[in-house]
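Next comes protein20.cif, with mmCIF, C-alpha atoms and all ligand atoms; chains and numbers go by the auth columns.
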data_start
#
loop_
_atom_site.group_PDB
_atom_site.id
_atom_site.type_symbol
_atom_site.label_atom_id
_atom_site.label_comp_id
_atom_site.label_asym_id
_atom_site.label_seq_id
_atom_site.Cartn_x
_atom_site.Cartn_y
_atom_site.Cartn_z
_atom_site.B_iso_or_equiv
_atom_site.auth_seq_id
_atom_site.auth_asym_id
ATOM 1 C CA MET A 1 43.254 -15.823 140.357 0.00 1 A
ATOM 2 C CA LYS A 2 40.338 -13.573 141.252 0.00 2 A
ATOM 3 C CA VAL A 3 41.573 -10.834 143.507 0.00 3 A
ATOM 4 C CA SER A 4 39.905 -8.539 145.974 0.00 4 A
ATOM 5 C CA LEU A 5 42.151 -5.624 146.942 0.00 5 A
ATOM 6 C CA ILE A 6 41.622 -4.158 150.389 0.00 6 A
ATOM 7 C CA ARG A 7 43.362 -0.914 151.234 0.00 7 A
ATOM 8 C CA CYS A 8 43.818 1.483 154.130 0.00 8 A
ATOM 9 C CA MET A 9 41.158 4.175 154.168 0.00 9 A
ATOM 10 C CA GLN A 10 43.611 6.630 155.723 0.00 10 A
ATOM 11 C CA THR A 11 45.883 6.266 152.704 0.00 11 A
ATOM 12 C CA GLU A 12 43.278 7.096 150.069 0.00 12 A
ATOM 13 C CA ASP A 13 44.161 10.798 150.074 0.00 13 A
ATOM 14 C CA MET A 14 47.761 10.169 149.091 0.00 14 A
ATOM 15 C CA CYS A 15 47.717 6.995 147.013 0.00 15 A
ATOM 16 C CA PRO A 16 45.553 5.889 144.079 0.00 16 A
ATOM 17 C CA ALA A 17 46.899 2.307 144.316 0.00 17 A
ATOM 18 C CA THR A 18 48.878 2.704 141.097 0.00 18 A
ATOM 19 C CA THR A 19 51.693 0.352 142.079 0.00 19 A
ATOM 20 C CA CYS A 20 49.301 -2.247 143.498 0.00 20 A
ATOM 21 C CA PHE A 21 47.594 -2.500 140.099 0.00 21 A
ATOM 22 C CA LYS A 22 50.866 -2.353 138.199 0.00 22 A
ATOM 23 C CA VAL A 23 52.431 -5.316 140.017 0.00 23 A
ATOM 24 C CA MET A 24 49.267 -7.349 139.520 0.00 24 A
ATOM 25 C CA LYS A 25 49.190 -6.535 135.815 0.00 25 A
ATOM 26 C CA GLU A 26 52.894 -7.263 135.363 0.00 26 A
ATOM 27 C CA LYS A 27 52.912 -10.221 137.804 0.00 27 A
ATOM 28 C CA LYS A 28 55.753 -8.825 139.811 0.00 28 A
ATOM 29 C CA LEU A 29 56.739 -8.910 143.497 0.00 29 A
ATOM 30 C CA ALA A 30 53.880 -10.587 145.420 0.00 30 A
ATOM 31 C CA PHE A 31 52.497 -11.894 142.099 0.00 31 A
ATOM 32 C CA GLU A 32 55.751 -13.238 140.696 0.00 32 A
ATOM 33 C CA GLY A 33 55.391 -16.710 139.232 0.00 33 A
ATOM 34 C CA ILE A 34 51.597 -16.805 139.175 0.00 34 A
ATOM 35 C CA ALA A 35 50.766 -18.610 135.958 0.00 35 A
ATOM 36 C CA GLU A 36 47.036 -17.989 135.806 0.00 36 A
ATOM 37 C CA ASP A 37 45.400 -14.733 134.756 0.00 37 A
ATOM 38 C CA ILE A 38 44.859 -12.182 137.527 0.00 38 A
ATOM 39 C CA GLU A 39 41.428 -10.621 137.527 0.00 39 A
ATOM 40 C CA VAL A 40 40.516 -7.884 139.997 0.00 40 A
ATOM 41 C CA ILE A 41 37.015 -8.578 141.290 0.00 41 A
ATOM 42 C CA GLY A 42 36.862 -5.409 143.333 0.00 42 A
ATOM 43 C CA VAL A 43 38.635 -2.830 145.439 0.00 43 A
ATOM 44 C CA ASN A 44 37.533 -1.560 148.792 0.00 44 A
ATOM 45 C CA THR A 45 38.986 0.011 151.907 0.00 45 A
ATOM 46 C CA CYS A 46 39.048 -1.318 155.433 0.00 46 A
ATOM 47 C CA GLY A 47 36.245 1.151 156.181 0.00 47 A
ATOM 48 C CA GLY A 48 38.375 3.256 158.519 0.00 48 A
ATOM 49 C CA CYS A 49 40.023 2.575 161.873 0.00 49 A
ATOM 50 C CA PRO A 50 40.015 0.110 163.466 0.00 50 A
ATOM 51 C CA GLY A 51 39.276 -1.790 160.271 0.00 51 A
ATOM 52 C CA LYS A 52 36.363 -3.969 161.385 0.00 52 A
ATOM 53 C CA LYS A 53 34.469 -3.360 158.156 0.00 53 A
ATOM 54 C CA ALA A 54 37.256 -5.094 156.231 0.00 54 A
ATOM 55 C CA VAL A 55 35.836 -8.419 157.398 0.00 55 A
ATOM 56 C CA THR A 56 32.371 -8.010 155.929 0.00 56 A
ATOM 57 C CA ARG A 57 33.824 -6.303 152.880 0.00 57 A
ATOM 58 C CA ALA A 58 36.151 -9.242 152.263 0.00 58 A
ATOM 59 C CA ALA A 59 33.197 -11.606 152.702 0.00 59 A
ATOM 60 C CA GLU A 60 31.219 -9.651 150.129 0.00 60 A
ATOM 61 C CA MET A 61 34.116 -9.851 147.675 0.00 61 A
ATOM 62 C CA ALA A 62 34.306 -13.614 148.217 0.00 62 A
ATOM 63 C CA LYS A 63 30.577 -13.829 147.529 0.00 63 A
ATOM 64 C CA ARG A 64 31.213 -11.979 144.289 0.00 64 A
ATOM 65 C CA GLY A 65 33.850 -14.452 143.194 0.00 65 A
ATOM 66 C CA ALA A 66 37.146 -13.428 144.800 0.00 66 A
ATOM 67 C CA ASP A 67 39.349 -16.393 145.662 0.00 67 A
ATOM 68 C CA THR A 68 42.197 -14.239 146.989 0.00 68 A
ATOM 69 C CA ILE A 69 42.097 -11.319 149.396 0.00 69 A
ATOM 70 C CA VAL A 70 45.082 -9.047 148.826 0.00 70 A
ATOM 71 C CA PHE A 71 46.040 -6.339 151.280 0.00 71 A
ATOM 72 C CA ALA A 72 47.417 -3.248 149.567 0.00 72 A
ATOM 73 C CA SER A 73 50.917 -2.447 150.785 0.00 73 A
ATOM 74 C CA CYS A 74 49.646 0.524 152.801 0.00 74 A
ATOM 75 C CA ILE A 75 48.239 -1.868 155.394 0.00 75 A
ATOM 76 C CA PHE A 76 51.120 -4.146 156.444 0.00 76 A
ATOM 77 C CA LYS A 77 54.008 -2.085 155.074 0.00 77 A
ATOM 78 C CA GLY A 78 52.668 1.422 155.571 0.00 78 A
ATOM 79 C CA THR A 79 53.421 2.424 152.001 0.00 79 A
ATOM 80 C CA PRO A 80 53.920 5.200 150.913 0.00 80 A
ATOM 81 C CA ILE A 81 54.786 6.972 154.174 0.00 81 A
ATOM 82 C CA GLY A 82 56.175 4.130 156.254 0.00 82 A
ATOM 83 C CA PHE A 83 53.192 4.038 158.615 0.00 83 A
ATOM 84 C CA PRO A 84 51.791 0.512 158.830 0.00 84 A
ATOM 85 C CA CYS A 85 48.309 -0.164 160.128 0.00 85 A
ATOM 86 C CA PRO A 86 48.434 -0.948 163.859 0.00 86 A
ATOM 87 C CA HIS A 87 45.488 -3.302 163.346 0.00 87 A
ATOM 88 C CA ALA A 88 46.802 -5.162 160.292 0.00 88 A
ATOM 89 C CA GLN A 89 47.288 -8.568 161.875 0.00 89 A
ATOM 90 C CA ILE A 90 43.963 -8.378 163.738 0.00 90 A
ATOM 91 C CA ILE A 91 42.186 -7.527 160.484 0.00 91 A
ATOM 92 C CA LYS A 92 43.901 -10.382 158.671 0.00 92 A
ATOM 93 C CA ASP A 93 43.126 -12.891 161.430 0.00 93 A
ATOM 94 C CA ALA A 94 39.473 -11.825 161.534 0.00 94 A
ATOM 95 C CA ILE A 95 39.131 -12.241 157.759 0.00 95 A
ATOM 96 C CA ALA A 96 40.830 -15.641 157.941 0.00 96 A
ATOM 97 C CA ARG A 97 38.443 -16.732 160.701 0.00 97 A
ATOM 98 C CA LYS A 98 35.407 -15.525 158.773 0.00 98 A
ATOM 99 C CA LEU A 99 36.345 -16.959 155.388 0.00 99 A
ATOM 100 C CA GLY A 100 38.448 -19.953 156.398 0.00 100 A
ATOM 101 C CA ASP A 101 39.989 -21.917 153.559 0.00 101 A
ATOM 102 C CA THR A 102 37.669 -20.441 150.960 0.00 102 A
ATOM 103 C CA VAL A 103 40.175 -17.684 150.178 0.00 103 A
ATOM 104 C CA LYS A 104 43.910 -17.205 150.094 0.00 104 A
ATOM 105 C CA ILE A 105 45.232 -14.074 151.797 0.00 105 A
ATOM 106 C CA ILE A 106 48.240 -12.130 150.500 0.00 106 A
ATOM 107 C CA ASP A 107 49.757 -9.655 152.983 0.00 107 A
ATOM 108 C CA TYR A 108 50.943 -6.993 150.520 0.00 108 A
ATOM 109 C CA THR A 109 51.328 -6.306 146.821 0.00 109 A
ATOM 110 C CA HIS A 110 54.800 -4.780 146.684 0.00 110 A
HETATM 111 S S1 LIG B . 42.381 0.352 160.411 0.00 201 A
HETATM 112 FE FE1 LIG B . 44.449 0.344 159.549 0.00 201 A
HETATM 113 S S2 LIG B . 44.095 0.008 157.379 0.00 201 A
HETATM 114 FE FE2 LIG B . 42.167 0.815 158.215 0.00 201 A
HETATM 115 S S3 LIG B . 42.219 3.079 158.074 0.00 201 A
HETATM 116 FE FE3 LIG B . 43.022 2.507 160.083 0.00 201 A
HETATM 117 S S4 LIG B . 45.262 2.431 159.769 0.00 201 A
HETATM 118 FE FE4 LIG B . 44.298 2.263 157.742 0.00 201 A
#
Could you spell out this file's structure in structure tokens?
Ligand code: SF4
Amino acid sequence: MKVSLIRCMQTEDMCPATTCFKVMKEKKLAFEGIAEDIEVIGVNTCGGCPGKKAVTRAAEMAKRGADTIVFASCIFKGTPIGFPCPHAQIIKDAIARKLGDTVKIIDYTH
């Protein structure tokens, strides 16, 4: 699995994505049961509210080999302060429309 991690730009100040990387490395939570190796192709943010740049950033990651777009937990779950992104579903839908079946999308890491 070749992963592109997309995270909330507003969360950068308070979270270095430690747990996102840990669960990928240890194949836990969202990555439980994945048999193949997990390689992180790249990490980027949504580009800031309202997250439109996430679409072209995800496309660039796919061009560079990502087969799976993973949203860091800050986006859908609001980790670590319990403040989910109000645009999360719109961002996900836009990425899905742009990339179609070429990538799998995972809503959160942990
Ligand atoms: S659009 Fe959502 S994910 Fe991006 S910075 Fe704003 S709150 Fe965070």
Rounded to one decimal, what separation in Å do you get between atom CA of Ala17 of chain A and atom CA of Ile106 of chain A? 15.8 Å
Any chance you could work out the residue set of the PyMOL selection byres (((not hetatm)) within 8 of (chain A and resi 201)) here, as a list in words? Arg7, Cys8, Met9, Gln10, Thr11, Thr45, Cys46, Gly47, Gly48, Cys49, Pro50, Gly51, Lys52, Ala54, Cys74, Ile75, Pro84, Cys85, Pro86, His87, Ala88 and Ile91 of chain A
So that I have them on file, write out the residues from the current selection with C-alpha atoms, as a CSV table (one decimal), keeping the file's coordinate frame.
chain,number,residue,atom,x,y,z
A,7,ARG,CA,43.4,-0.9,151.2
A,8,CYS,CA,43.8,1.5,154.1
A,9,MET,CA,41.2,4.2,154.2
A,10,GLN,CA,43.6,6.6,155.7
A,11,THR,CA,45.9,6.3,152.7
A,45,THR,CA,39.0,0.0,151.9
A,46,CYS,CA,39.0,-1.3,155.4
A,47,GLY,CA,36.2,1.2,156.2
A,48,GLY,CA,38.4,3.3,158.5
A,49,CYS,CA,40.0,2.6,161.9
A,50,PRO,CA,40.0,0.1,163.5
A,51,GLY,CA,39.3,-1.8,160.3
A,52,LYS,CA,36.4,-4.0,161.4
A,54,ALA,CA,37.3,-5.1,156.2
A,74,CYS,CA,49.6,0.5,152.8
A,75,ILE,CA,48.2,-1.9,155.4
A,84,PRO,CA,51.8,0.5,158.8
A,85,CYS,CA,48.3,-0.2,160.1
A,86,PRO,CA,48.4,-0.9,163.9
A,87,HIS,CA,45.5,-3.3,163.3
A,88,ALA,CA,46.8,-5.2,160.3
A,91,ILE,CA,42.2,-7.5,160.5
If we count only C-alpha atoms, what is near Ile69 of chain A at a cut-off of 8 Å, once residues fewer than 4 positions away on the same chain are taken out, given as a PyMOL selection string? chain A and resi 3-6+58+103-106
What is the distance between atom CA of Lys63 of chain A and atom CA of His110 of chain A, in Å to one decimal?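 Atom-to-atom, atom CA of Lys63 of chain A to atom CA of His110 of chain A, that is 25.9 Å.
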Non-local contacts of segment 39-41 of chain A (7 Å; all atoms listed in the file; under 2 positions in same chain excluded) as JSON, numbers by chain: {"A": [1, 2, 3, 4, 37, 65, 66]}
Quick one: residues within 6 Å of Ser73 of chain A, all atoms listed in the file counted, chain neighbours fewer than 2 positions away excluded, as a PyMOL selection string? chain A and resi 75-77+79+108-109
What is the distance between atom CA of Gln89 of chain A and atom CA of Thr18 of chain A, in Å to one decimal?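 Calculated distance between atom CA of Gln89 of chain A and atom CA of Thr18 of chain A is 23.7 Å.
Residue nearest Thr68 of chain A within the list A:Ile38, A:Leu29, A:Val23, A:Cys15: A:Ile38 [criterion: smallest interatomic distance, all atoms listed in the file].
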